[in-house]
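Text of the file query-v2.cif, holding mmCIF, C-alpha atoms (C1' of nucleotides):
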data_coords
#
loop_
_atom_site.label_atom_id
_atom_site.label_comp_id
_atom_site.auth_asym_id
_atom_site.auth_seq_id
_atom_site.Cartn_x
_atom_site.Cartn_y
_atom_site.Cartn_z
CA MET A 1 -86.88 -222.97 -19.84
CA GLU A 2 -89.07 -225.50 -18.12
CA HIS A 3 -91.35 -225.39 -21.12
CA GLU A 4 -88.70 -226.50 -23.54
CA ASP A 5 -89.07 -229.43 -25.83
CA PRO A 6 -89.29 -232.54 -23.61
CA ARG A 7 -86.71 -234.32 -25.71
CA THR A 8 -84.28 -231.49 -25.10
CA ARG A 9 -84.94 -231.51 -21.38
CA ILE A 10 -84.38 -235.24 -21.19
CA LEU A 11 -81.22 -235.08 -23.26
CA ASP A 12 -79.88 -232.18 -21.21
CA ALA A 13 -80.37 -234.12 -18.00
CA ALA A 14 -79.00 -237.33 -19.50
CA GLU A 15 -75.92 -235.61 -20.85
CA GLU A 16 -75.01 -233.99 -17.56
CA LEU A 17 -75.50 -237.24 -15.66
CA PHE A 18 -73.99 -239.66 -18.17
CA TYR A 19 -70.98 -237.49 -18.87
CA GLY A 20 -70.43 -236.55 -15.25
CA GLN A 21 -70.84 -239.95 -13.62
CA GLY A 22 -70.60 -242.56 -16.35
CA ILE A 23 -73.46 -244.24 -18.14
CA GLN A 24 -73.86 -247.38 -16.10
CA ALA A 25 -73.65 -245.42 -12.86
CA VAL A 26 -76.76 -243.41 -13.78
CA GLY A 27 -80.15 -245.05 -13.55
CA MET A 28 -83.19 -244.10 -15.54
CA ASP A 29 -84.80 -242.84 -12.35
CA ALA A 30 -82.02 -240.29 -11.94
CA VAL A 31 -82.64 -239.09 -15.49
CA ARG A 32 -86.34 -238.87 -14.76
CA THR A 33 -85.78 -236.81 -11.63
CA ALA A 34 -83.23 -234.48 -13.23
CA SER A 35 -85.40 -233.87 -16.26
CA GLY A 36 -88.58 -233.35 -14.24
CA MET A 37 -90.38 -235.96 -16.27
CA THR A 38 -92.56 -238.86 -15.41
CA MET A 39 -91.48 -242.37 -16.28
CA ARG A 40 -94.19 -242.69 -18.86
CA ARG A 41 -93.13 -239.60 -20.78
CA LEU A 42 -89.48 -240.51 -20.50
CA TYR A 43 -90.09 -243.88 -22.11
CA GLN A 44 -92.42 -242.32 -24.66
CA HIS A 45 -89.51 -240.32 -26.04
CA PHE A 46 -86.79 -242.95 -25.56
CA PRO A 47 -88.15 -246.50 -25.53
CA SER A 48 -85.05 -247.86 -23.83
CA LYS A 49 -81.94 -246.67 -22.06
CA ASN A 50 -79.90 -247.73 -25.07
CA ASP A 51 -81.88 -245.36 -27.24
CA LEU A 52 -81.27 -242.57 -24.79
CA VAL A 53 -77.56 -243.31 -24.63
CA GLU A 54 -77.29 -243.33 -28.40
CA ALA A 55 -79.20 -240.05 -28.69
CA TYR A 56 -77.01 -238.51 -26.01
CA LEU A 57 -73.84 -239.48 -27.83
CA LEU A 58 -75.09 -238.40 -31.25
CA ARG A 59 -76.23 -235.00 -30.03
CA ARG A 60 -73.00 -234.45 -28.13
CA ASP A 61 -70.96 -235.40 -31.17
CA GLY A 62 -72.76 -232.87 -33.33
CA ARG A 63 -72.58 -230.09 -30.78
CA TRP A 64 -68.93 -230.74 -29.94
CA ARG A 65 -67.79 -230.57 -33.53
CA GLU A 66 -70.00 -227.60 -34.32
CA SER A 67 -68.60 -225.70 -31.35
CA LEU A 68 -65.05 -226.45 -32.44
CA ALA A 69 -65.71 -225.49 -36.05
CA ALA A 70 -67.44 -222.28 -34.99
CA TYR A 71 -64.51 -221.30 -32.80
CA VAL A 72 -61.98 -222.02 -35.51
CA SER A 73 -63.89 -220.24 -38.25
CA ARG A 74 -64.37 -217.28 -35.90
CA THR A 75 -60.59 -217.14 -35.55
CA GLY A 76 -59.05 -214.91 -38.16
CA GLY A 77 -55.61 -215.15 -39.62
CA PRO A 78 -53.98 -217.52 -42.04
CA PRO A 79 -54.85 -221.23 -42.19
CA ARG A 80 -51.87 -222.08 -40.04
CA ASP A 81 -53.28 -220.00 -37.17
CA ARG A 82 -56.74 -221.45 -37.59
CA LEU A 83 -55.29 -224.93 -37.37
CA LEU A 84 -53.46 -224.09 -34.17
CA ALA A 85 -56.61 -222.46 -32.79
CA VAL A 86 -57.99 -225.98 -32.39
CA PHE A 87 -55.73 -226.34 -29.38
CA ASP A 88 -56.93 -223.06 -27.91
CA TRP A 89 -60.46 -224.36 -28.13
CA LEU A 90 -59.33 -227.56 -26.41
CA GLY A 91 -57.80 -225.47 -23.64
CA GLN A 92 -61.09 -223.66 -23.05
CA TRP A 93 -62.89 -227.00 -22.96
CA PHE A 94 -60.41 -228.50 -20.50
CA ALA A 95 -60.91 -225.54 -18.18
CA GLU A 96 -64.65 -226.06 -17.89
CA PRO A 97 -65.45 -227.06 -14.32
CA ASP A 98 -67.24 -230.26 -15.25
CA PHE A 99 -64.69 -231.39 -17.83
CA ARG A 100 -64.17 -235.11 -17.50
CA GLY A 101 -62.44 -236.14 -20.71
CA CYS A 102 -63.84 -237.26 -24.02
CA ALA A 103 -67.39 -238.55 -23.66
CA PHE A 104 -66.79 -240.96 -26.51
CA VAL A 105 -63.60 -242.41 -25.12
CA ASN A 106 -65.28 -242.78 -21.75
CA SER A 107 -68.34 -244.49 -23.14
CA PHE A 108 -66.17 -246.61 -25.43
CA GLY A 109 -64.18 -247.90 -22.48
CA GLU A 110 -67.33 -248.53 -20.51
CA LEU A 111 -69.64 -250.02 -23.12
CA GLY A 112 -67.69 -250.37 -26.36
CA ALA A 113 -67.09 -254.06 -25.85
CA THR A 114 -70.72 -254.91 -25.13
CA THR A 115 -72.75 -252.30 -27.03
CA PRO A 116 -71.74 -252.07 -30.68
CA VAL A 117 -73.62 -248.84 -31.33
CA VAL A 118 -71.55 -247.08 -28.67
CA ALA A 119 -68.34 -248.27 -30.29
CA ALA A 120 -69.62 -247.15 -33.69
CA VAL A 121 -70.53 -243.65 -32.52
CA ALA A 122 -67.19 -243.25 -30.79
CA ARG A 123 -65.32 -244.34 -33.89
CA HIS A 124 -67.42 -242.02 -36.03
CA HIS A 125 -66.71 -239.10 -33.71
CA LYS A 126 -62.98 -239.67 -33.84
CA GLU A 127 -63.00 -240.12 -37.59
CA GLU A 128 -64.89 -236.87 -38.08
CA PHE A 129 -62.48 -235.04 -35.82
CA ALA A 130 -59.48 -236.45 -37.66
CA GLY A 131 -61.08 -235.55 -40.98
CA TYR A 132 -61.71 -232.01 -39.79
CA LEU A 133 -58.08 -231.61 -38.79
CA ALA A 134 -57.04 -233.09 -42.12
CA GLY A 135 -59.01 -230.39 -43.93
CA LEU A 136 -57.46 -227.61 -41.89
CA THR A 137 -54.01 -229.08 -42.39
CA GLU A 138 -54.43 -229.30 -46.14
CA ALA A 139 -55.63 -225.69 -46.22
CA ALA A 140 -52.48 -224.73 -44.35
CA GLY A 141 -50.40 -226.43 -47.01
CA ALA A 142 -48.99 -229.20 -44.85
CA PRO A 143 -48.93 -232.87 -45.85
CA PRO A 144 -51.53 -235.36 -44.61
CA ALA A 145 -49.04 -236.98 -42.25
CA THR A 146 -48.95 -233.74 -40.30
CA ALA A 147 -52.71 -233.91 -39.82
CA VAL A 148 -52.32 -237.36 -38.31
CA HIS A 149 -49.61 -236.12 -35.97
CA LEU A 150 -51.70 -233.20 -34.82
CA THR A 151 -54.68 -235.47 -34.27
CA LEU A 152 -52.58 -237.67 -32.02
CA LEU A 153 -51.45 -234.64 -30.05
CA ALA A 154 -55.03 -233.48 -29.59
CA GLU A 155 -56.20 -236.91 -28.46
CA GLY A 156 -53.31 -237.17 -26.06
CA ALA A 157 -54.07 -233.75 -24.65
CA ILE A 158 -57.69 -234.73 -24.00
CA THR A 159 -56.86 -237.84 -22.01
CA THR A 160 -53.98 -236.18 -20.18
CA ALA A 161 -56.12 -233.22 -19.20
CA ALA A 162 -58.87 -235.56 -18.04
CA VAL A 163 -56.78 -237.87 -15.89
CA HIS A 164 -54.56 -235.16 -14.44
CA GLY A 165 -57.29 -232.54 -14.25
CA ASP A 166 -54.81 -230.12 -15.69
CA PRO A 167 -55.81 -227.90 -18.63
CA THR A 168 -52.21 -227.01 -19.51
CA ALA A 169 -52.05 -230.11 -21.68
CA ALA A 170 -53.69 -228.02 -24.39
CA ALA A 171 -50.87 -225.48 -24.40
CA ASP A 172 -48.28 -228.24 -24.42
CA ALA A 173 -49.98 -229.91 -27.35
CA LYS A 174 -50.23 -226.60 -29.16
CA GLU A 175 -46.51 -226.02 -28.82
CA ALA A 176 -45.73 -229.47 -30.17
CA ALA A 177 -48.22 -228.93 -32.98
CA ARG A 178 -46.59 -225.64 -33.86
CA LEU A 179 -43.19 -227.27 -34.04
CA LEU A 180 -44.46 -230.09 -36.24
CA LEU A 181 -46.45 -227.78 -38.45
CA ASP A 182 -43.67 -225.29 -39.03
CA THR A 183 -41.25 -228.11 -39.71
CA ALA A 184 -43.62 -229.53 -42.28
CA LEU A 185 -44.24 -226.16 -43.88
CA ALA A 186 -40.53 -225.38 -44.08
CA GLY A 187 -39.64 -228.76 -45.54
CA MET B 1 -51.06 -273.92 -13.73
CA GLU B 2 -54.24 -274.75 -11.92
CA HIS B 3 -52.22 -275.04 -8.75
CA GLU B 4 -50.96 -271.49 -8.88
CA ASP B 5 -51.40 -269.03 -6.11
CA PRO B 6 -55.15 -268.44 -5.73
CA ARG B 7 -54.61 -264.69 -5.68
CA THR B 8 -52.86 -264.92 -9.02
CA ARG B 9 -55.61 -267.05 -10.51
CA ILE B 10 -58.26 -264.61 -9.34
CA LEU B 11 -56.36 -261.60 -10.60
CA ASP B 12 -55.70 -263.28 -13.95
CA ALA B 13 -59.39 -263.95 -14.41
CA ALA B 14 -60.38 -260.51 -13.18
CA GLU B 15 -57.92 -258.77 -15.47
CA GLU B 16 -59.10 -260.56 -18.57
CA LEU B 17 -62.73 -259.89 -17.76
CA PHE B 18 -62.44 -256.34 -16.45
CA TYR B 19 -60.15 -255.20 -19.22
CA GLY B 20 -62.07 -256.98 -21.95
CA GLN B 21 -65.60 -256.06 -20.98
CA GLY B 22 -65.42 -253.18 -18.54
CA ILE B 23 -65.55 -253.37 -14.78
CA GLN B 24 -69.23 -252.77 -14.16
CA ALA B 25 -70.18 -255.21 -16.90
CA VAL B 26 -68.45 -258.07 -15.06
CA GLY B 27 -70.08 -259.56 -12.01
CA MET B 28 -68.29 -261.29 -9.19
CA ASP B 29 -69.89 -264.53 -10.28
CA ALA B 30 -68.15 -264.29 -13.64
CA VAL B 31 -64.83 -263.79 -11.87
CA ARG B 32 -65.58 -266.77 -9.67
CA THR B 33 -66.37 -268.97 -12.66
CA ALA B 34 -63.36 -267.85 -14.69
CA SER B 35 -60.98 -268.32 -11.80
CA GLY B 36 -62.38 -271.70 -10.81
CA MET B 37 -62.89 -270.52 -7.27
CA THR B 38 -65.72 -270.75 -4.85
CA MET B 39 -67.39 -267.61 -3.58
CA ARG B 40 -66.02 -268.12 -0.13
CA ARG B 41 -62.42 -268.30 -1.28
CA LEU B 42 -62.88 -265.39 -3.65
CA TYR B 43 -64.09 -263.16 -0.84
CA GLN B 44 -61.41 -264.50 1.48
CA HIS B 45 -58.76 -263.03 -0.80
CA PHE B 46 -60.64 -259.88 -1.82
CA PRO B 47 -63.23 -258.80 0.72
CA SER B 48 -65.09 -256.66 -1.80
CA LYS B 49 -65.22 -256.01 -5.51
CA ASN B 50 -63.60 -252.65 -4.93
CA ASP B 51 -60.59 -254.37 -3.41
CA LEU B 52 -60.39 -256.68 -6.40
CA VAL B 53 -60.64 -253.77 -8.83
CA GLU B 54 -57.92 -251.89 -7.02
CA ALA B 55 -55.64 -254.95 -6.97
CA TYR B 56 -56.30 -255.54 -10.66
CA LEU B 57 -55.34 -251.98 -11.55
CA LEU B 58 -52.26 -251.92 -9.34
CA ARG B 59 -50.93 -255.19 -10.69
CA ARG B 60 -51.59 -254.16 -14.26
CA ASP B 61 -49.85 -250.85 -13.70
CA GLY B 62 -46.74 -252.55 -12.40
CA ARG B 63 -46.64 -255.16 -15.13
CA TRP B 64 -47.34 -252.68 -17.90
CA ARG B 65 -44.52 -250.38 -16.91
CA GLU B 66 -42.15 -253.24 -16.25
CA SER B 67 -42.83 -254.69 -19.68
CA LEU B 68 -42.21 -251.34 -21.32
CA ALA B 69 -39.02 -250.72 -19.38
CA ALA B 70 -37.74 -254.23 -20.13
CA TYR B 71 -38.37 -253.76 -23.84
CA VAL B 72 -36.67 -250.40 -23.91
CA SER B 73 -33.66 -251.49 -21.90
CA ARG B 74 -33.35 -254.57 -24.11
CA THR B 75 -33.13 -252.22 -27.08
CA GLY B 76 -29.58 -251.26 -27.80
CA GLY B 77 -28.32 -248.11 -29.41
CA PRO B 78 -28.05 -244.54 -28.26
CA PRO B 79 -30.57 -242.96 -25.88
CA ARG B 80 -32.42 -241.40 -28.79
CA ASP B 81 -33.21 -244.83 -30.22
CA ARG B 82 -34.24 -246.20 -26.84
CA LEU B 83 -36.66 -243.31 -26.44
CA LEU B 84 -38.20 -243.98 -29.82
CA ALA B 85 -38.38 -247.69 -29.02
CA VAL B 86 -41.21 -246.82 -26.65
CA PHE B 87 -43.42 -246.40 -29.71
CA ASP B 88 -42.35 -249.77 -31.09
CA TRP B 89 -43.45 -251.34 -27.86
CA LEU B 90 -46.76 -249.52 -28.13
CA GLY B 91 -47.17 -250.90 -31.63
CA GLN B 92 -46.69 -254.45 -30.38
CA TRP B 93 -49.21 -253.82 -27.64
CA PHE B 94 -51.77 -252.38 -30.04
CA ALA B 95 -51.46 -255.45 -32.24
CA GLU B 96 -52.39 -257.85 -29.46
CA PRO B 97 -55.73 -259.44 -30.31
CA ASP B 98 -57.44 -258.41 -27.10
CA PHE B 99 -56.10 -254.85 -27.06
CA ARG B 100 -58.83 -252.51 -25.93
CA GLY B 101 -57.07 -249.29 -25.03
CA CYS B 102 -55.57 -248.13 -21.78
CA ALA B 103 -57.07 -249.99 -18.83
CA PHE B 104 -56.63 -246.91 -16.68
CA VAL B 105 -58.29 -244.51 -19.05
CA ASN B 106 -61.14 -246.98 -19.45
CA SER B 107 -61.62 -247.45 -15.74
CA PHE B 108 -61.20 -243.73 -15.14
CA GLY B 109 -64.00 -242.97 -17.55
CA GLU B 110 -66.18 -245.64 -16.05
CA LEU B 111 -65.55 -245.20 -12.32
CA GLY B 112 -63.26 -242.20 -11.88
CA ALA B 113 -66.10 -239.92 -10.90
CA THR B 114 -67.56 -242.23 -8.30
CA THR B 115 -64.60 -244.27 -7.01
CA PRO B 116 -61.71 -242.06 -5.90
CA VAL B 117 -59.22 -244.91 -5.66
CA VAL B 118 -59.71 -245.69 -9.34
CA ALA B 119 -59.06 -242.08 -10.27
CA ALA B 120 -55.97 -242.08 -8.07
CA VAL B 121 -54.49 -245.22 -9.59
CA ALA B 122 -55.14 -243.94 -13.10
CA ARG B 123 -53.46 -240.65 -12.31
CA HIS B 124 -50.53 -242.44 -10.72
CA HIS B 125 -50.13 -244.68 -13.76
CA LYS B 126 -50.07 -241.73 -16.13
CA GLU B 127 -47.67 -239.80 -13.94
CA GLU B 128 -45.28 -242.73 -13.79
CA PHE B 129 -45.41 -243.16 -17.53
CA ALA B 130 -44.75 -239.46 -18.09
CA GLY B 131 -41.90 -239.59 -15.60
CA TYR B 132 -40.38 -242.58 -17.36
CA LEU B 133 -40.47 -240.77 -20.68
CA ALA B 134 -38.99 -237.71 -19.01
CA GLY B 135 -36.03 -239.79 -17.85
CA LEU B 136 -35.44 -241.24 -21.30
CA THR B 137 -35.74 -237.79 -22.85
CA GLU B 138 -33.23 -236.29 -20.47
CA ALA B 139 -30.82 -239.13 -21.18
CA ALA B 140 -31.19 -238.36 -24.87
CA GLY B 141 -30.23 -234.76 -24.21
CA ALA B 142 -33.55 -233.18 -25.11
CA PRO B 143 -35.35 -230.59 -22.99
CA PRO B 144 -38.20 -231.52 -20.63
CA ALA B 145 -40.77 -229.95 -22.95
CA THR B 146 -39.94 -232.61 -25.51
CA ALA B 147 -40.77 -235.29 -22.98
CA VAL B 148 -44.20 -233.74 -22.50
CA HIS B 149 -44.77 -233.66 -26.24
CA LEU B 150 -43.80 -237.28 -26.67
CA THR B 151 -46.06 -238.26 -23.79
CA LEU B 152 -48.98 -236.57 -25.49
CA LEU B 153 -48.21 -238.42 -28.70
CA ALA B 154 -48.09 -241.75 -26.90
CA GLU B 155 -51.37 -241.10 -25.10
CA GLY B 156 -53.00 -240.05 -28.33
CA ALA B 157 -51.75 -243.16 -30.07
CA ILE B 158 -53.25 -245.37 -27.36
CA THR B 159 -56.74 -243.92 -27.60
CA THR B 160 -56.63 -243.72 -31.38
CA ALA B 161 -55.53 -247.33 -31.70
CA ALA B 162 -58.24 -248.38 -29.28
CA VAL B 163 -61.17 -246.59 -30.87
CA HIS B 164 -60.14 -247.27 -34.45
CA GLY B 165 -58.77 -250.72 -33.76
CA ASP B 166 -55.81 -249.76 -35.88
CA PRO B 167 -52.26 -250.39 -34.61
CA THR B 168 -50.64 -248.05 -37.14
CA ALA B 169 -51.19 -245.18 -34.72
CA ALA B 170 -47.95 -246.30 -33.06
CA ALA B 171 -45.93 -245.81 -36.23
CA ASP B 172 -47.56 -242.43 -36.83
CA ALA B 173 -46.76 -241.33 -33.31
CA LYS B 174 -43.20 -242.58 -33.67
CA GLU B 175 -42.68 -240.52 -36.79
CA ALA B 176 -43.99 -237.39 -35.08
CA ALA B 177 -41.85 -238.15 -32.06
CA ARG B 178 -38.77 -238.52 -34.25
CA LEU B 179 -39.44 -235.16 -35.86
CA LEU B 180 -39.92 -233.44 -32.51
CA LEU B 181 -36.95 -235.14 -30.95
CA ASP B 182 -34.54 -234.39 -33.77
CA THR B 183 -35.75 -230.80 -33.90
CA ALA B 184 -35.11 -230.46 -30.18
CA LEU B 185 -31.69 -232.09 -30.41
CA ALA B 186 -30.65 -229.89 -33.33
CA GLY B 187 -31.83 -226.67 -31.67
"C1'" DG C 1 -123.95 -235.21 -17.20
"C1'" DA C 2 -121.44 -239.28 -19.19
"C1'" DC C 3 -117.69 -241.42 -21.13
"C1'" DG C 4 -113.36 -242.56 -23.27
"C1'" DA C 5 -108.64 -241.27 -23.91
"C1'" DG C 6 -104.63 -239.67 -21.99
"C1'" DT C 7 -101.80 -238.08 -17.92
"C1'" DG C 8 -99.06 -237.86 -13.43
"C1'" DA C 9 -97.29 -240.21 -9.67
"C1'" DG C 10 -95.34 -243.93 -8.23
"C1'" DA C 11 -95.84 -248.90 -7.09
"C1'" DA C 12 -94.73 -253.28 -8.99
"C1'" DC C 13 -92.15 -256.73 -11.56
"C1'" DG C 14 -88.47 -259.58 -13.02
"C1'" DA C 15 -83.65 -259.65 -13.51
"C1'" DT C 16 -79.17 -259.00 -11.78
"C1'" DC C 17 -75.74 -257.51 -8.63
"C1'" DG C 18 -72.60 -257.72 -4.45
"C1'" DT C 19 -72.39 -260.16 -0.49
"C1'" DT C 20 -73.49 -263.59 3.07
"C1'" DC C 21 -75.46 -267.81 4.78
"C1'" DT C 22 -76.72 -272.72 4.80
"C1'" DC C 23 -75.78 -277.32 4.50
"C1'" DG C 24 -73.51 -281.54 3.72
"C1'" DC C 25 -69.16 -283.72 3.75
"C1'" DG C 26 -64.41 -284.81 4.69
"C1'" DT C 27 -60.63 -284.35 8.15
"C1'" DC C 28 -58.06 -284.51 12.11
"C1'" DA C 29 -57.15 -284.23 17.30
"C1'" DG C 30 -58.25 -286.57 21.47
"C1'" DC D 1 -65.23 -293.31 17.66
"C1'" DT D 2 -66.56 -288.64 18.19
"C1'" DG D 3 -67.07 -284.09 17.79
"C1'" DA D 4 -65.45 -279.65 16.28
"C1'" DC D 5 -63.83 -277.54 12.34
"C1'" DG D 6 -62.91 -276.16 7.33
"C1'" DC D 7 -64.29 -276.37 2.85
"C1'" DG D 8 -67.07 -276.65 -1.75
"C1'" DA D 9 -71.27 -275.78 -3.91
"C1'" DG D 10 -74.69 -272.96 -4.42
"C1'" DA D 11 -78.98 -270.97 -2.46
"C1'" DA D 12 -80.51 -266.85 -0.26
"C1'" DC D 13 -80.71 -261.96 0.83
"C1'" DG D 14 -81.27 -257.15 0.23
"C1'" DA D 15 -80.49 -253.59 -2.93
"C1'" DT D 16 -80.87 -251.66 -7.36
"C1'" DC D 17 -81.77 -251.60 -12.14
"C1'" DG D 18 -84.62 -251.19 -16.54
"C1'" DT D 19 -89.14 -251.43 -17.69
"C1'" DT D 20 -94.17 -251.84 -17.23
"C1'" DC D 21 -98.51 -251.49 -14.86
"C1'" DT D 22 -102.08 -249.58 -11.73
"C1'" DC D 23 -105.11 -246.13 -10.51
"C1'" DA D 24 -107.16 -241.96 -9.65
"C1'" DC D 25 -107.93 -237.90 -12.17
"C1'" DT D 26 -108.49 -234.39 -15.95
"C1'" DC D 27 -110.48 -232.95 -20.05
"C1'" DG D 28 -112.61 -232.64 -24.67
"C1'" DT D 29 -116.75 -234.25 -26.89
"C1'" DC D 30 -121.62 -235.84 -27.44
#

Conversion result in structure tokens:
Amino acid sequence: MEHEDPRTRILDAAEELFYGQGIQAVGMDAVRTASGMTMRRLYQHFPSKNDLVEAYLLRRDGRWRESLAAYVSRTGGPPRDRLLAVFDWLGQWFAEPDFRGCAFVNSFGELGATTPVVAAVARHHKEEFAGYLAGLTEAAGAPPATAVHLTLLAEGAITTAAVHGDPTAAADAKEAARLLLDTALAG
Amino acid sequence: MEHEDPRTRILDAAEELFYGQGIQAVGMDAVRTASGMTMRRLYQHFPSKNDLVEAYLLRRDGRWRESLAAYVSRTGGPPRDRLLAVFDWLGQWFAEPDFRGCAFVNSFGELGATTPVVAAVARHHKEEFAGYLAGLTEAAGAPPATAVHLTLLAEGAITTAAVHGDPTAAADAKEAARLLLDTALAG
DNA sequence: GACGAGTGAGAACGATCGTTCTCGCGTCAG
DNA sequence: CTGACGCGAGAACGATCGTTCTCACTCGTC
């Protein structure tokens, strides 16, 4: 795997470092070392740190949502169960040893005020996630307001799990989601 | 107000800058300028930036929770209404022009991995908030699980309002909270 | 064999950061 | 009056950062 695409190697190293330690806390030299690159080749692929940060966030956004969608579509059962499976996927994510919250919330808090592209990618990520939940909710036959409620629960679970380091937030959110969903479906 | 306690002036300046732009993005010289201090006096009161960051977070934690508790206790009505008033207070907060999310989530994402005291203060803040909601929930006669659910909704509303810049997340969360609370009270 | 283009390794550069030091001036005790 | 001290203003210091440059070397081509 040392002979992988250099871009991939750089992005892999950048993602682990940026996500694990924060973006400003990681220097380009650390990315160079972790990716086994030379400075020249690093800057050939990403002409500035901002470009690397943006590429890191965009790739993570795509992968994150693809992983979630794959898990949900792999889940059988009626639409209601697939919607609730989102919280199971969150629980698996929270339990990963290097879980440190939402990369987009973290980068938004760190750079959103000074780097507009970071704020834009974070907003886009959250909008896509909310839209995905809205689609699942509609398929389950619940009103759009329920999708918003479940989105809030998921977001709250992510930050709670991050700050407390406790993956049970996913199960708590799932229970609340189930209550809200079944109430909406019964009404 | 120029003759206020120097500590207060420094912390006021630091809070506005740290919260508005992120901690690492603000240099000590910017704090010095904004507070109208000299470097010597700044470092007399806070021997290092870490000390200043910690003091900023601790003061903000206390004020934030005091403001919330004052608003809720000012609200009349039965315990159920006081619990839901938490989300009205959130809505007012979200609508403030310089609202930029939860200072503790932001600093946790930025420095939590490298500065243990920041992670500890963020965790403490979230625990206190959850405990406060647990007390209100118990007073309203709902089970502890409901308190957890409402906490998740509040956390989700904060991050959603921050990233989207849209204060309506508070009203959405309040509606979900009302549904969960009334379901729990009826059951 | 000669030469030009590209590479690896890392030094160098300019900026900025957190922190400390210098210096000139006012103040107050004796 | 004098001398020690405290302060404001800001320069200076060492470290680190993002980015670029140097230089020796390899290699494909005539």

| query | Could you pull the residues within 12 Å of segment 1-6 of chain D, counting all atoms listed in the file, minus those fewer than 2 positions along the same chain, as a ChimeraX atom specification? | reply | /B:40-41 /C:25-30 /D:8

| remark: In Å and to one decimal, atom CA of Ala169 of chain A is distant from atom CA of Ala157 of chain A by 5.1 Å

| task | Could you expand the PyMOL selection byres ((chain B and resi 166) around 12) into the explicit residues it covers here, written as a count of residues only? | result | 27

| said: Between atom CA of Leu136 of chain A and atom CA of Ala119 of chain A, what is the distance in Å, rounded to a tenth? | reply: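 Interatomic distance, atom CA of Leu136 of chain A to atom CA of Ala119 of chain A: 26.1 Å.
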
| Resolved residues for the PyMOL selection byres ((chain B) within 8 of (chain A)) as number ranges by chain | B: 20-24, 100-101, 105-111, 113-114, 119, 122-123, 126, 145, 148-149, 151-157, 159-160, 163-164, 172-173, 176, 179-180

| message | For a quick test of understanding: name the residues of chain B lying within 12 Å of chain D when counting all atoms listed in the file, and present them as a PyMOL selection string. | response | chain B and resi 29+36-41

Selection export as a CSV table (one decimal), in the frame of the given file, atoms kept: C-alpha atoms:
chain,number,residue,atom,x,y,z
B,29,ASP,CA,-69.9,-264.5,-10.3
B,36,GLY,CA,-62.4,-271.7,-10.8
B,37,MET,CA,-62.9,-270.5,-7.3
B,38,THR,CA,-65.7,-270.8,-4.8
B,39,MET,CA,-67.4,-267.6,-3.6
B,40,ARG,CA,-66.0,-268.1,-0.1
B,41,ARG,CA,-62.4,-268.3,-1.3

| field | Residues of chain C within 10 Å of chain A, all atoms listed in the file counted, as a list of chain:residue names | value |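 Therefore, the residues near the partner are C:DT7, C:DG8, C:DA9, C:DG10.
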
| query | Which residues fall under the PyMOL selection byres ((chain A and resi 53) around 9) in this file, as a ChimeraX atom specification? | reply | /A:14-15,18,23,48-52,54-58,118

| What is the distance between atom CA of Pro47 of chain B and atom C1' of DC23 of chain C, in Å to one decimal? |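 Interatomic distance here is 22.7 Å.
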
| Polymer residues at most 6 Å from Ala147 of chain B, only C-alpha atoms (C1' of nucleotides), same-chain spacing of 3 or more positions, as a ChimeraX atom specification | /B:133-134,137,144,150

So that all listed atoms of segment 28-35 of chain B fit with 5 Å spare on each side, what axis-aligned box centre and edge lengths in Å, to one decimal, would you give as AutoDock Vina command-line options?
--center_x -65.4 --center_y -265.1 --center_z -11.9 --size_x 18.9 --size_y 17.7 --size_z 15.5

| message | Give me, as a PyMOL selection string, all polymer residues having an atom no more than 12 Å from segment 68-71 of chain A, counting only C-alpha atoms (C1' of nucleotides) and skipping those fewer than 4 positions away in the same chain. | response | chain A and resi 61-64+75-76+82-93+128-129+132-133+135-136
